[in-house]
$ cat query_5.cif   # mmCIF, C-alpha atoms and all ligand atoms
data_structure
#
loop_
_atom_site.label_atom_id
_atom_site.label_comp_id
_atom_site.auth_asym_id
_atom_site.auth_seq_id
_atom_site.Cartn_x
_atom_site.Cartn_y
_atom_site.Cartn_z
CA MET A 8 -102.20 -11.12 -1.72
CA ALA A 9 -100.70 -14.44 -0.67
CA MET A 10 -104.34 -15.61 -0.58
CA VAL A 11 -104.77 -14.77 -4.26
CA MET A 12 -101.73 -16.82 -5.18
CA ASP A 13 -102.77 -19.79 -2.98
CA ASP A 14 -106.25 -19.75 -4.48
CA VAL A 15 -104.92 -19.68 -8.02
CA VAL A 16 -102.29 -22.35 -7.47
CA GLY A 17 -104.55 -24.60 -5.41
CA ARG A 18 -107.45 -24.49 -7.83
CA GLU A 19 -105.18 -25.21 -10.78
CA ALA A 20 -103.53 -28.06 -8.91
CA ARG A 21 -106.94 -29.60 -8.34
CA HIS A 22 -108.54 -29.03 -11.72
CA VAL A 23 -106.16 -28.04 -14.51
CA LEU A 24 -104.49 -30.89 -16.35
CA GLN A 25 -100.92 -30.81 -15.11
CA THR A 26 -99.06 -30.42 -18.40
CA TYR A 27 -97.37 -27.09 -17.62
CA LYS A 28 -94.71 -26.47 -15.00
CA ARG A 29 -95.48 -22.83 -14.24
CA ASN A 30 -93.31 -20.16 -12.67
CA PRO A 31 -94.66 -19.14 -9.24
CA VAL A 32 -96.04 -15.81 -10.44
CA THR A 33 -99.68 -14.86 -11.11
CA LEU A 34 -99.87 -12.17 -13.76
CA VAL A 35 -102.99 -10.03 -13.71
CA ARG A 36 -102.30 -6.93 -15.81
CA GLY A 37 -100.04 -5.57 -18.52
CA GLU A 38 -99.11 -2.26 -20.09
CA GLY A 39 -96.70 -2.07 -23.02
CA VAL A 40 -93.59 -4.09 -22.17
CA ARG A 41 -94.54 -4.31 -18.49
CA LEU A 42 -96.49 -7.00 -16.68
CA TYR A 43 -97.83 -6.83 -13.12
CA ASP A 44 -98.46 -9.68 -10.72
CA ALA A 45 -101.22 -10.08 -8.14
CA ASP A 46 -99.08 -8.24 -5.57
CA GLY A 47 -98.56 -5.29 -7.92
CA ARG A 48 -94.92 -6.16 -8.68
CA GLU A 49 -93.69 -4.95 -12.05
CA TYR A 50 -91.81 -7.12 -14.56
CA TYR A 51 -90.18 -6.14 -17.85
CA ASP A 52 -91.40 -8.70 -20.32
CA LEU A 53 -88.59 -9.94 -22.58
CA LEU A 54 -90.66 -12.92 -23.73
CA SER A 55 -94.03 -11.50 -24.93
CA GLY A 56 -95.92 -14.67 -24.02
CA ILE A 57 -93.43 -16.60 -26.23
CA GLY A 58 -93.37 -14.16 -29.12
CA VAL A 59 -97.08 -13.37 -29.20
CA ALA A 60 -97.57 -9.90 -27.70
CA ALA A 61 -95.76 -8.15 -30.55
CA LEU A 62 -97.48 -4.83 -29.78
CA GLY A 63 -96.93 -5.23 -26.04
CA HIS A 64 -99.71 -5.68 -23.51
CA ALA A 65 -103.07 -3.89 -23.41
CA HIS A 66 -102.30 -2.01 -26.63
CA PRO A 67 -105.05 0.64 -26.80
CA GLY A 68 -105.54 0.33 -30.58
CA LEU A 69 -105.75 -3.46 -30.51
CA ALA A 70 -108.09 -3.30 -27.51
CA ARG A 71 -110.30 -0.86 -29.42
CA VAL A 72 -110.64 -2.95 -32.59
CA VAL A 73 -111.21 -6.18 -30.64
CA ALA A 74 -113.96 -4.52 -28.57
CA ASP A 75 -115.51 -2.95 -31.65
CA GLN A 76 -115.50 -6.25 -33.54
CA ALA A 77 -116.93 -8.12 -30.52
CA GLN A 78 -119.82 -5.66 -30.46
CA THR A 79 -120.39 -6.07 -34.22
CA LEU A 80 -119.86 -9.74 -35.14
CA ILE A 81 -117.35 -12.26 -33.77
CA HIS A 82 -118.00 -15.43 -35.72
CA THR A 83 -120.03 -16.76 -38.61
CA SER A 84 -118.28 -20.07 -39.56
CA ASN A 85 -116.67 -20.71 -42.91
CA LEU A 86 -120.05 -21.54 -44.44
CA PHE A 87 -120.46 -17.82 -45.21
CA TYR A 88 -118.43 -14.92 -46.54
CA HIS A 89 -117.41 -12.03 -44.34
CA PRO A 90 -115.35 -9.03 -45.39
CA LEU A 91 -112.19 -9.55 -43.32
CA GLN A 92 -110.76 -12.99 -44.20
CA GLY A 93 -109.96 -12.02 -47.77
CA GLN A 94 -108.36 -8.79 -46.58
CA LEU A 95 -106.12 -10.71 -44.18
CA ALA A 96 -105.16 -13.27 -46.84
CA GLU A 97 -104.40 -10.43 -49.28
CA ARG A 98 -102.19 -8.69 -46.72
CA LEU A 99 -100.30 -11.90 -45.93
CA ALA A 100 -99.87 -12.52 -49.66
CA SER A 101 -98.31 -9.11 -50.21
CA LEU A 102 -95.91 -9.67 -47.29
CA SER A 103 -94.87 -13.21 -48.22
CA GLY A 104 -95.23 -13.41 -52.00
CA LEU A 105 -97.40 -16.52 -51.55
CA PRO A 106 -100.79 -15.73 -53.06
CA ARG A 107 -103.12 -17.84 -50.91
CA ALA A 108 -103.76 -18.36 -47.20
CA PHE A 109 -105.61 -20.89 -45.08
CA ILE A 110 -106.44 -19.14 -41.80
CA CYS A 111 -106.45 -21.28 -38.64
CA ASN A 112 -106.16 -20.80 -34.89
CA SER A 113 -102.66 -21.75 -33.76
CA GLY A 114 -99.15 -22.52 -34.87
CA THR A 115 -99.43 -26.27 -34.79
CA GLU A 116 -102.54 -26.11 -36.96
CA ALA A 117 -100.65 -23.98 -39.48
CA VAL A 118 -97.88 -26.60 -39.64
CA GLU A 119 -100.44 -29.39 -39.79
CA ALA A 120 -102.10 -27.67 -42.76
CA CYS A 121 -98.73 -27.26 -44.54
CA LEU A 122 -97.95 -30.97 -44.10
CA LYS A 123 -101.38 -31.97 -45.39
CA PHE A 124 -101.14 -29.60 -48.36
CA ALA A 125 -97.72 -31.03 -49.27
CA ARG A 126 -99.15 -34.55 -49.20
CA ARG A 127 -102.16 -33.41 -51.22
CA TYR A 128 -99.87 -31.86 -53.83
CA TRP A 129 -98.13 -35.17 -54.51
CA HIS A 130 -101.40 -37.12 -54.28
CA THR A 131 -102.91 -34.91 -56.98
CA LYS A 132 -99.82 -35.37 -59.13
CA ARG A 133 -100.23 -39.15 -58.68
CA ALA A 134 -96.67 -39.36 -57.40
CA PRO A 135 -96.46 -41.33 -54.15
CA ARG A 136 -94.04 -39.00 -52.36
CA GLN A 137 -94.63 -39.18 -48.62
CA GLU A 138 -91.35 -38.45 -46.92
CA PHE A 139 -90.68 -35.31 -44.90
CA ILE A 140 -87.18 -34.09 -44.14
CA ALA A 141 -86.92 -32.10 -40.88
CA LEU A 142 -84.08 -30.77 -38.73
CA ASP A 143 -82.62 -32.39 -35.64
CA GLU A 144 -83.26 -29.31 -33.47
CA SER A 145 -86.75 -28.60 -34.78
CA PHE A 146 -89.93 -27.70 -32.95
CA HIS A 147 -93.13 -27.48 -34.98
CA GLY A 148 -95.92 -28.13 -32.45
CA ARG A 149 -97.75 -30.79 -30.48
CA THR A 150 -100.42 -32.27 -32.76
CA PHE A 151 -99.55 -35.58 -34.41
CA GLY A 152 -98.31 -34.24 -37.75
CA SER A 153 -96.36 -31.35 -36.25
CA LEU A 154 -94.98 -33.61 -33.51
CA SER A 155 -93.86 -36.08 -36.17
CA VAL A 156 -91.52 -33.43 -37.64
CA THR A 157 -90.43 -32.22 -34.17
CA SER A 158 -87.16 -33.81 -33.10
CA ASP A 159 -87.23 -33.75 -29.30
CA GLU A 160 -87.53 -37.34 -28.01
CA HIS A 161 -89.18 -36.18 -24.76
CA TYR A 162 -92.09 -34.75 -26.72
CA ARG A 163 -92.28 -37.63 -29.22
CA GLN A 164 -91.62 -40.89 -27.46
CA PRO A 165 -94.77 -41.22 -25.27
CA PHE A 166 -96.98 -40.75 -28.33
CA GLU A 167 -95.35 -43.05 -30.85
CA PRO A 168 -95.98 -44.28 -33.46
CA LEU A 169 -96.01 -40.90 -35.17
CA LEU A 170 -96.11 -40.24 -38.93
CA PRO A 171 -93.78 -42.67 -40.69
CA SER A 172 -91.29 -41.46 -43.29
CA VAL A 173 -89.83 -38.52 -41.40
CA ARG A 174 -86.04 -38.16 -41.55
CA PHE A 175 -84.08 -35.72 -39.44
CA VAL A 176 -80.89 -34.10 -40.66
CA ARG A 177 -78.33 -32.08 -38.74
CA THR A 178 -79.22 -28.38 -38.56
CA ASN A 179 -77.04 -26.22 -40.81
CA ASP A 180 -75.24 -29.23 -42.34
CA PRO A 181 -75.62 -28.68 -46.11
CA GLU A 182 -74.08 -32.06 -47.06
CA ALA A 183 -76.43 -33.98 -44.75
CA LEU A 184 -79.44 -32.22 -46.24
CA THR A 185 -78.28 -32.77 -49.81
CA ALA A 186 -77.75 -36.48 -49.13
CA ALA A 187 -81.17 -36.90 -47.47
CA VAL A 188 -83.41 -35.23 -50.07
CA SER A 189 -84.46 -37.43 -52.98
CA THR A 190 -87.32 -37.91 -55.41
CA SER A 191 -89.16 -39.69 -52.53
CA THR A 192 -89.20 -36.45 -50.53
CA ALA A 193 -92.58 -34.74 -50.37
CA ALA A 194 -91.26 -31.71 -48.50
CA ILE A 195 -88.43 -30.30 -46.45
CA ILE A 196 -89.63 -28.44 -43.34
CA ALA A 197 -87.47 -26.03 -41.36
CA GLU A 198 -87.78 -23.06 -39.04
CA SER A 199 -86.00 -20.16 -40.74
CA VAL A 200 -84.60 -19.36 -37.30
CA ILE A 201 -84.66 -22.40 -35.02
CA GLY A 202 -86.62 -21.16 -31.97
CA GLU A 203 -87.20 -23.73 -29.22
CA GLY A 204 -84.01 -25.44 -30.36
CA GLY A 205 -81.96 -22.49 -29.11
CA ILE A 206 -82.30 -19.47 -31.48
CA LYS A 207 -80.19 -20.56 -34.44
CA PRO A 208 -80.72 -18.81 -37.76
CA LEU A 209 -80.29 -21.11 -40.76
CA THR A 210 -76.96 -20.33 -42.42
CA PRO A 211 -76.78 -19.02 -46.00
CA ALA A 212 -74.96 -22.23 -47.05
CA PHE A 213 -77.73 -24.38 -45.58
CA ALA A 214 -80.42 -22.23 -47.21
CA ALA A 215 -78.60 -22.62 -50.54
CA ALA A 216 -78.58 -26.41 -50.04
CA ILE A 217 -82.36 -26.38 -49.40
CA LYS A 218 -82.89 -24.38 -52.58
CA ALA A 219 -80.67 -26.67 -54.62
CA ALA A 220 -82.28 -29.84 -53.22
CA CYS A 221 -85.76 -28.56 -54.11
CA ALA A 222 -84.63 -27.61 -57.62
CA ARG A 223 -82.95 -31.01 -58.12
CA THR A 224 -85.77 -33.24 -56.82
CA GLY A 225 -88.96 -31.16 -57.04
CA ALA A 226 -89.42 -31.46 -53.24
CA LEU A 227 -91.53 -28.73 -51.67
CA PHE A 228 -90.10 -26.46 -48.98
CA ILE A 229 -92.13 -25.52 -45.89
CA ALA A 230 -90.74 -22.54 -43.95
CA ASP A 231 -91.98 -22.47 -40.36
CA GLU A 232 -92.09 -18.74 -39.53
CA ILE A 233 -94.35 -19.09 -36.50
CA GLN A 234 -91.72 -17.67 -34.15
CA SER A 235 -89.44 -15.80 -36.58
CA GLY A 236 -92.06 -14.22 -38.86
CA LEU A 237 -94.00 -10.96 -39.00
CA GLY A 238 -91.22 -8.48 -38.40
CA ARG A 239 -89.54 -10.15 -35.43
CA THR A 240 -86.17 -10.49 -37.15
CA GLY A 241 -86.34 -7.15 -38.97
CA TYR A 242 -87.83 -8.81 -42.09
CA PRO A 243 -91.46 -9.71 -42.77
CA PHE A 244 -90.17 -13.32 -42.86
CA TYR A 245 -86.65 -14.55 -42.23
CA PHE A 246 -86.76 -16.82 -45.31
CA GLN A 247 -86.53 -13.56 -47.25
CA ALA A 248 -83.20 -12.73 -45.58
CA LEU A 249 -81.97 -16.18 -46.60
CA GLY A 250 -83.11 -15.85 -50.22
CA LEU A 251 -85.40 -18.88 -49.88
CA GLU A 252 -88.57 -19.37 -51.89
CA PRO A 253 -90.85 -21.64 -49.85
CA HIS A 254 -93.93 -23.26 -51.35
CA LEU A 255 -95.62 -23.19 -47.94
CA VAL A 256 -95.16 -20.97 -44.89
CA SER A 257 -96.62 -21.45 -41.41
CA VAL A 258 -97.46 -18.34 -39.39
CA GLY A 259 -98.85 -17.94 -35.87
CA LYS A 260 -97.88 -16.41 -32.53
CA ALA A 261 -97.63 -12.63 -33.18
CA LEU A 262 -100.27 -12.63 -35.91
CA GLY A 263 -103.19 -11.79 -33.61
CA GLY A 264 -101.11 -10.02 -30.95
CA GLY A 265 -102.64 -12.44 -28.41
CA VAL A 266 -105.91 -13.25 -30.15
CA PRO A 267 -105.34 -16.86 -31.29
CA VAL A 268 -104.83 -16.97 -35.07
CA GLY A 269 -102.46 -18.78 -37.40
CA ALA A 270 -102.12 -19.23 -41.13
CA ALA A 271 -100.69 -21.55 -43.75
CA LEU A 272 -99.48 -19.50 -46.74
CA VAL A 273 -99.54 -21.39 -50.00
CA SER A 274 -97.99 -21.02 -53.48
CA GLN A 275 -100.30 -21.08 -56.48
CA ASP A 276 -98.77 -24.41 -57.61
CA VAL A 277 -99.74 -26.08 -54.37
CA ALA A 278 -103.08 -24.27 -54.14
CA ASP A 279 -104.01 -25.62 -57.57
CA THR A 280 -103.88 -29.18 -56.22
CA LEU A 281 -106.43 -28.57 -53.43
CA SER A 282 -110.18 -28.88 -53.75
CA PHE A 283 -113.26 -27.86 -51.79
CA GLY A 284 -113.53 -29.90 -48.60
CA ASP A 285 -109.84 -30.88 -48.44
CA HIS A 286 -109.29 -28.98 -45.20
CA GLY A 287 -111.30 -26.90 -42.79
CA THR A 288 -111.80 -25.50 -39.29
CA THR A 289 -114.81 -24.11 -37.45
CA TYR A 290 -113.16 -21.08 -35.85
CA GLY A 291 -110.43 -20.39 -38.40
CA GLY A 292 -110.42 -16.88 -39.82
CA ASN A 293 -113.41 -15.58 -37.93
CA LEU A 294 -114.06 -11.85 -37.87
CA LEU A 295 -112.55 -11.24 -34.45
CA ALA A 296 -109.29 -13.02 -35.30
CA CYS A 297 -108.99 -11.39 -38.72
CA ARG A 298 -109.73 -7.92 -37.37
CA ALA A 299 -107.05 -8.32 -34.70
CA ALA A 300 -104.53 -9.71 -37.21
CA LEU A 301 -105.18 -6.91 -39.72
CA PHE A 302 -104.59 -4.38 -36.97
CA VAL A 303 -101.36 -6.06 -35.82
CA LEU A 304 -99.99 -6.28 -39.38
CA GLY A 305 -100.93 -2.65 -39.97
CA GLU A 306 -99.01 -1.54 -36.87
CA ILE A 307 -95.95 -3.63 -37.71
CA PHE A 308 -95.69 -2.86 -41.42
CA ASP A 309 -97.35 0.56 -41.83
CA GLY A 310 -97.23 1.95 -38.29
CA GLY A 311 -93.46 1.97 -37.76
CA VAL A 312 -93.15 -1.06 -35.45
CA GLY A 313 -91.12 -2.96 -38.05
CA ASP A 314 -88.70 -0.02 -38.29
CA ASN A 315 -88.48 -0.01 -34.50
CA VAL A 316 -87.31 -3.65 -34.65
CA LYS A 317 -84.45 -2.72 -36.98
CA ARG A 318 -83.35 0.30 -34.94
CA VAL A 319 -83.87 -1.00 -31.40
CA GLY A 320 -82.86 -4.53 -32.45
CA ALA A 321 -79.37 -3.24 -33.29
CA ILE A 322 -79.14 -1.60 -29.85
CA PHE A 323 -80.46 -4.78 -28.20
CA GLU A 324 -77.74 -6.80 -29.92
CA GLN A 325 -75.01 -4.36 -28.79
CA ARG A 326 -76.22 -4.57 -25.19
CA LEU A 327 -76.30 -8.39 -25.34
CA ARG A 328 -72.74 -8.46 -26.66
CA ALA A 329 -71.74 -6.22 -23.74
CA LEU A 330 -73.39 -8.74 -21.38
CA LYS A 331 -71.37 -11.53 -23.01
CA ALA A 332 -68.16 -9.54 -22.51
CA LYS A 333 -69.05 -9.04 -18.83
CA HIS A 334 -70.40 -12.46 -17.81
CA THR A 335 -68.19 -15.49 -18.35
CA ILE A 336 -71.25 -17.76 -18.21
CA VAL A 337 -72.45 -16.26 -21.53
CA LYS A 338 -70.76 -18.20 -24.32
CA GLU A 339 -72.53 -16.97 -27.45
CA VAL A 340 -75.11 -14.42 -28.61
CA ARG A 341 -77.30 -15.50 -31.55
CA GLY A 342 -80.28 -14.06 -33.37
CA ALA A 343 -81.59 -11.18 -35.44
CA GLY A 344 -83.86 -8.17 -34.93
CA LEU A 345 -85.62 -8.76 -31.61
CA MET A 346 -85.20 -12.56 -31.53
CA TRP A 347 -82.15 -13.47 -29.46
CA GLY A 348 -80.59 -16.32 -27.55
CA LEU A 349 -77.77 -16.25 -25.02
CA GLU A 350 -76.00 -19.59 -25.01
CA LEU A 351 -74.61 -20.19 -21.53
CA THR A 352 -71.78 -22.41 -20.39
CA ARG A 353 -74.29 -24.07 -18.04
CA ASP A 354 -77.99 -24.91 -17.75
CA ALA A 355 -79.93 -21.68 -18.18
CA GLY A 356 -82.71 -22.75 -15.80
CA ALA A 357 -81.45 -20.64 -12.87
CA VAL A 358 -81.63 -17.42 -14.92
CA VAL A 359 -85.43 -17.54 -15.05
CA PRO A 360 -86.11 -17.29 -11.29
CA ALA A 361 -83.16 -14.91 -10.89
CA GLY A 362 -84.75 -12.73 -13.60
CA LEU A 363 -88.13 -12.83 -11.86
CA GLY A 364 -86.39 -11.81 -8.66
CA HIS A 365 -84.95 -8.78 -10.47
CA GLY A 366 -88.22 -7.97 -12.25
CA VAL A 367 -87.53 -9.27 -15.76
CA ILE A 368 -89.17 -12.16 -17.62
CA VAL A 369 -86.95 -14.38 -19.77
CA ASN A 370 -87.18 -18.00 -20.83
CA ARG A 371 -84.84 -20.96 -20.94
CA THR A 372 -84.85 -23.16 -24.00
CA ALA A 373 -82.67 -25.99 -25.30
CA GLU A 374 -81.40 -26.31 -21.70
CA THR A 375 -78.50 -23.87 -22.00
CA VAL A 376 -80.10 -20.93 -23.83
CA VAL A 377 -81.75 -17.81 -22.40
CA ARG A 378 -84.40 -16.89 -24.98
CA LEU A 379 -85.36 -13.24 -25.51
CA LEU A 380 -88.42 -12.28 -27.58
CA PRO A 381 -89.41 -8.82 -26.33
CA PRO A 382 -92.47 -6.97 -27.63
CA LEU A 383 -91.57 -5.41 -31.00
CA VAL A 384 -92.55 -1.98 -29.64
CA ILE A 385 -89.84 -1.94 -26.94
CA THR A 386 -87.99 1.40 -26.77
CA GLU A 387 -84.28 2.01 -26.26
CA ALA A 388 -84.89 3.21 -22.69
CA GLU A 389 -86.91 0.08 -21.94
CA VAL A 390 -84.12 -2.09 -23.40
CA ASP A 391 -81.65 -0.39 -21.06
CA GLU A 392 -83.86 -1.01 -18.04
CA ALA A 393 -84.80 -4.59 -18.93
CA LEU A 394 -81.26 -5.66 -19.86
CA GLY A 395 -79.96 -3.92 -16.73
CA ARG A 396 -82.21 -6.27 -14.77
CA LEU A 397 -81.02 -9.26 -16.82
CA ASP A 398 -77.43 -8.15 -16.15
CA ALA A 399 -78.15 -8.34 -12.41
CA ALA A 400 -79.79 -11.76 -12.80
CA LEU A 401 -76.83 -13.13 -14.79
CA GLY A 402 -74.49 -11.72 -12.15
CA ALA A 403 -76.39 -13.50 -9.39
CA VAL A 404 -76.40 -16.80 -11.29
CA GLY A 405 -72.69 -16.49 -12.22
CA ALA A 406 -71.75 -15.68 -8.61
CA GLY A 407 -73.62 -18.78 -7.41
CA GLU A 408 -71.42 -21.13 -9.49
C1 LIG B 1 -91.41 -22.58 -34.81
C2 LIG B 1 -92.67 -23.02 -34.15
N1 LIG B 1 -93.53 -23.80 -34.82
C3 LIG B 1 -94.69 -24.20 -34.27
C4 LIG B 1 -95.04 -23.86 -32.99
C5 LIG B 1 -96.35 -24.33 -32.41
O1 LIG B 1 -97.21 -23.26 -32.25
P1 LIG B 1 -98.46 -23.36 -31.24
O2 LIG B 1 -97.89 -23.50 -29.86
O3 LIG B 1 -99.22 -22.08 -31.45
O4 LIG B 1 -99.25 -24.55 -31.65
C6 LIG B 1 -94.16 -23.06 -32.25
C7 LIG B 1 -94.48 -22.72 -30.84
O5 LIG B 1 -93.62 -22.51 -30.02
C8 LIG B 1 -92.96 -22.63 -32.83
O6 LIG B 1 -92.07 -21.88 -32.16
#
$ encode --input "query_5.cif" --output "C-alpha cells" --more "lines below"
Ligand SMILES: Cc1ncc(COP(=O)(O)O)c(C=O)c1O
Amino acid sequence: MAMVMDDVVGREARHVLQTYKRNPVTLVRGEGVRLYDADGREYYDLLSGIGVAALGHAHPGLARVVADQAQTLIHTSNLFYHPLQGQLAERLASLSGLPRAFICNSGTEAVEACLKFARRYWHTKRAPRQEFIALDESFHGRTFGSLSVTSDEHYRQPFEPLLPSVRFVRTNDPEALTAAVSTSTAAIIAESVIGEGGIKPLTPAFAAAIKAACARTGALFIADEIQSGLGRTGYPFYFQALGLEPHLVSVGKALGGGVPVGAALVSQDVADTLSFGDHGTTYGGNLLACRAALFVLGEIFDGGVGDNVKRVGAIFEQRLRALKAKHTIVKEVRGAGLMWGLELTRDAGAVVPAGLGHGVIVNRTAETVVRLLPPLVITEAEVDEALGRLDAALGAVGAGE
C-alpha cells in the first residue's frame, strides 16, 4: 500500500497547485463516523470534512437520492424552472424565518452574495452606505469580498488591496461594536459562533449590541452560519439562540452533506431591492444539489438527527470537560451542540498527528485550539470511543512537553 500513497503524493506534488498542506493520510472510504485509509486503517472522524458530512460518510439514504437524481436530471441552468429549487428555498425559509434564498455552490459564494445584496439594498435606497463592520477573529472565505471581511493578515496581505471600507472590531466587545457602527455602515457581518477563529460563540451582551446598533443606525446584519448552522449547535441556526434577527444569513458546508451547495437567505426588505440580473450562477441550485440538500435537511429536522445533537452533544460536552480536568494542557472548553473547541496552553498542531496515530481525526485552528465538528449522527458509544482516542493523543502530546 506504500505504493498507493507514493503515487498519490507524487502525482499531487507534480500537478496539483500547492495551496494545501495535507496530512500524510490517503482516505479512500467512509462509513458513518469512520473513515478508512488506503492501508485499511480506521479513523474516527471528529471533523466531518470541516463540518460538511453532517450525516456521516456513505449515508445510504443520501447515496440513494443522489444516484436517483443523477439518473433523472442533474442540471438545467437557471434559465429554466425545475421542481426542487423552490422546495429547498421554502424549507430554508421555514427554518430561518427569512423568506427568500439565493442558492449557490459554496460558503464563500454565500457570503459574497450577502455582501452584494447589502450593497444593493443601500444602492436602491440611494443612500451611499458602503462600510462593512466585521470581527477581528472572523473567517468568511477566500474570494475577494469574503476575504475583505476576513481578519487574518496571512490570508489577506498577499492579495491587497481588498474591498475598502471594512472595519474590524474586537470579538465580543459590545462597546467597540457600538462605537464602530454608524449611519455609514451598510452591514455588520459576524459568525454566530466564530469557527476558524477558535470556536467562540458570540456572547448575549455582544448579540444585544448588534441588535441595538442595527436598530439605531438602520445597518443590516449578516449572520454567517456556514459552520454553525443547520443543527450543528442544537438549533437550526445559532443566531436564534442569541435572539438575533439577521437580514441576511449565509449557509454552506453541511447543507448538501458533501454535495457542494450553499445559500444566501434574505429578508423580504432586502429582497425587494434586488432585480432580475443582479446576481447569478451557472451551477447554483441545480437538481442534484437541491435533492441532496432537501434530503439532508429532512434527516436533520424531521429524521431525529437534530435531537441527536442535543442529546449526544450534552454527553460530548461532559466528556470534553472530563478531558480538561485530566489534561493540564487543556485550558478551556468552548462550544455548543456538536461544535467544540479545546483551547490548549500550547500550539495545538501536535494533537493532529498524535490523533491520527491513535485513529482519530481532529483539526487545529487559531493555533492553540483543537476543533471538533463530528458528524451530527454520532452515537454515545462512538463518542466514548473517539474521545477515548483523543484522550490518548492528548496524553501523548502532554507527556512530550
Ligand atoms: C464561517 C465560515 N464562513 C465561510 C466559509 C467559507 O466557506 P467555503 O470554504 O465553502 O467557501 C467557512 C469555511 O470554513 C466558514 O467556516
$ residues_around --input "query_5.cif" --residues "A:Leu237" --least-positions-apart "2" --cutoff "9 Å" --atoms "all atoms listed in the file" --output "PyMOL selection string"
chain A and resi 102+232-235+239-245+258+261-262+304+307-308+313
$ closest_atom_pairs --input "query_5.cif" --of "chain A" --to "ligand LIG 1 (chain B)" --cutoff "8 Å" --atoms "only C-alpha atoms and all ligand atoms" --output "JSON lines"
{"residue": "A:Ile57", "atom": "CA", "partner": "B:LIG1", "partner_atom": "O5", "distance": 7.0}
{"residue": "A:Asn112", "atom": "CA", "partner": "B:LIG1", "partner_atom": "O3", "distance": 7.9}
{"residue": "A:Ser113", "atom": "CA", "partner": "B:LIG1", "partner_atom": "O3", "distance": 4.2}
{"residue": "A:Gly114", "atom": "CA", "partner": "B:LIG1", "partner_atom": "O1", "distance": 3.3}
{"residue": "A:Thr115", "atom": "CA", "partner": "B:LIG1", "partner_atom": "O4", "distance": 3.6}
{"residue": "A:Glu116", "atom": "CA", "partner": "B:LIG1", "partner_atom": "O4", "distance": 6.4}
{"residue": "A:Ala117", "atom": "CA", "partner": "B:LIG1", "partner_atom": "C3", "distance": 7.9}
{"residue": "A:Val118", "atom": "CA", "partner": "B:LIG1", "partner_atom": "C3", "distance": 6.7}
{"residue": "A:Ser145", "atom": "CA", "partner": "B:LIG1", "partner_atom": "C1", "distance": 7.6}
{"residue": "A:Phe146", "atom": "CA", "partner": "B:LIG1", "partner_atom": "C2", "distance": 5.6}
{"residue": "A:His147", "atom": "CA", "partner": "B:LIG1", "partner_atom": "C3", "distance": 3.7}
{"residue": "A:Gly148", "atom": "CA", "partner": "B:LIG1", "partner_atom": "C5", "distance": 3.8}
{"residue": "A:Arg149", "atom": "CA", "partner": "B:LIG1", "partner_atom": "O4", "distance": 6.5}
{"residue": "A:Thr150", "atom": "CA", "partner": "B:LIG1", "partner_atom": "O4", "distance": 7.9}
{"residue": "A:Ser153", "atom": "CA", "partner": "B:LIG1", "partner_atom": "C3", "distance": 7.6}
{"residue": "A:Glu198", "atom": "CA", "partner": "B:LIG1", "partner_atom": "C1", "distance": 5.6}
{"residue": "A:Val200", "atom": "CA", "partner": "B:LIG1", "partner_atom": "C1", "distance": 7.9}
{"residue": "A:Ile201", "atom": "CA", "partner": "B:LIG1", "partner_atom": "C1", "distance": 6.8}
{"residue": "A:Gly202", "atom": "CA", "partner": "B:LIG1", "partner_atom": "O6", "distance": 5.5}
{"residue": "A:Glu203", "atom": "CA", "partner": "B:LIG1", "partner_atom": "O6", "distance": 6.0}
{"residue": "A:Asp231", "atom": "CA", "partner": "B:LIG1", "partner_atom": "C1", "distance": 5.6}
{"residue": "A:Glu232", "atom": "CA", "partner": "B:LIG1", "partner_atom": "C1", "distance": 6.1}
{"residue": "A:Ile233", "atom": "CA", "partner": "B:LIG1", "partner_atom": "C1", "distance": 4.9}
{"residue": "A:Gln234", "atom": "CA", "partner": "B:LIG1", "partner_atom": "O6", "distance": 4.7}
{"residue": "A:Ser235", "atom": "CA", "partner": "B:LIG1", "partner_atom": "C1", "distance": 7.3}
{"residue": "A:Ser257", "atom": "CA", "partner": "B:LIG1", "partner_atom": "N1", "distance": 7.6}
{"residue": "A:Gly259", "atom": "CA", "partner": "B:LIG1", "partner_atom": "O3", "distance": 6.1}
{"residue": "A:Lys260", "atom": "CA", "partner": "B:LIG1", "partner_atom": "O3", "distance": 5.9}
{"residue": "A:Gly269", "atom": "CA", "partner": "B:LIG1", "partner_atom": "O3", "distance": 7.5}
$ closest_residue --input "query_5.cif" --among "A:Ala300, A:Ala321, A:Leu351, A:Val173" --to "A:Ala194" --atoms "all atoms listed in the file"
A:Val173
$ closest_residue --input "query_5.cif" --among "A:Leu349, A:Leu363, A:Leu184, A:Leu80" --to "A:Ala393" --atoms "only C-alpha atoms"
A:Leu363
$ closest_residue --input "query_5.cif" --among "A:Glu49, A:Glu252, A:Asp159, A:Glu374" --to "A:Ser199" --atoms "all atoms listed in the file"
A:Glu252
$ residues_near_point --input "query_5.cif" --point "(-88.8, -36.1, -59.2)" --cutoff "12 Å" --atoms "only C-alpha atoms" --output "VMD selection string"
chain A and resid 129 132 to 136 188 to 194 220 to 227
$ residues_around --input "query_5.cif" --residues "A:Phe151" --least-positions-apart "2" --cutoff "12 Å" --atoms "all atoms listed in the file" --output "mmCIF file with C-alpha atoms, keeping the file's coordinate frame"
data_model
loop_
_atom_site.group_PDB
_atom_site.id
_atom_site.type_symbol
_atom_site.label_atom_id
_atom_site.label_comp_id
_atom_site.auth_asym_id
_atom_site.auth_seq_id
_atom_site.Cartn_x
_atom_site.Cartn_y
_atom_site.Cartn_z
ATOM 1 C CA THR A 115 -99.430 -26.270 -34.790
ATOM 2 C CA GLU A 116 -102.540 -26.110 -36.960
ATOM 3 C CA VAL A 118 -97.880 -26.600 -39.640
ATOM 4 C CA GLU A 119 -100.440 -29.390 -39.790
ATOM 5 C CA ALA A 120 -102.100 -27.670 -42.760
ATOM 6 C CA LEU A 122 -97.950 -30.970 -44.100
ATOM 7 C CA LYS A 123 -101.380 -31.970 -45.390
ATOM 8 C CA HIS A 147 -93.130 -27.480 -34.980
ATOM 9 C CA GLY A 148 -95.920 -28.130 -32.450
ATOM 10 C CA ARG A 149 -97.750 -30.790 -30.480
ATOM 11 C CA SER A 153 -96.360 -31.350 -36.250
ATOM 12 C CA LEU A 154 -94.980 -33.610 -33.510
ATOM 13 C CA SER A 155 -93.860 -36.080 -36.170
ATOM 14 C CA VAL A 156 -91.520 -33.430 -37.640
ATOM 15 C CA THR A 157 -90.430 -32.220 -34.170
ATOM 16 C CA TYR A 162 -92.090 -34.750 -26.720
ATOM 17 C CA ARG A 163 -92.280 -37.630 -29.220
ATOM 18 C CA GLN A 164 -91.620 -40.890 -27.460
ATOM 19 C CA PRO A 165 -94.770 -41.220 -25.270
ATOM 20 C CA PHE A 166 -96.980 -40.750 -28.330
ATOM 21 C CA GLU A 167 -95.350 -43.050 -30.850
ATOM 22 C CA PRO A 168 -95.980 -44.280 -33.460
ATOM 23 C CA LEU A 169 -96.010 -40.900 -35.170
ATOM 24 C CA LEU A 170 -96.110 -40.240 -38.930
ATOM 25 C CA PRO A 171 -93.780 -42.670 -40.690
#
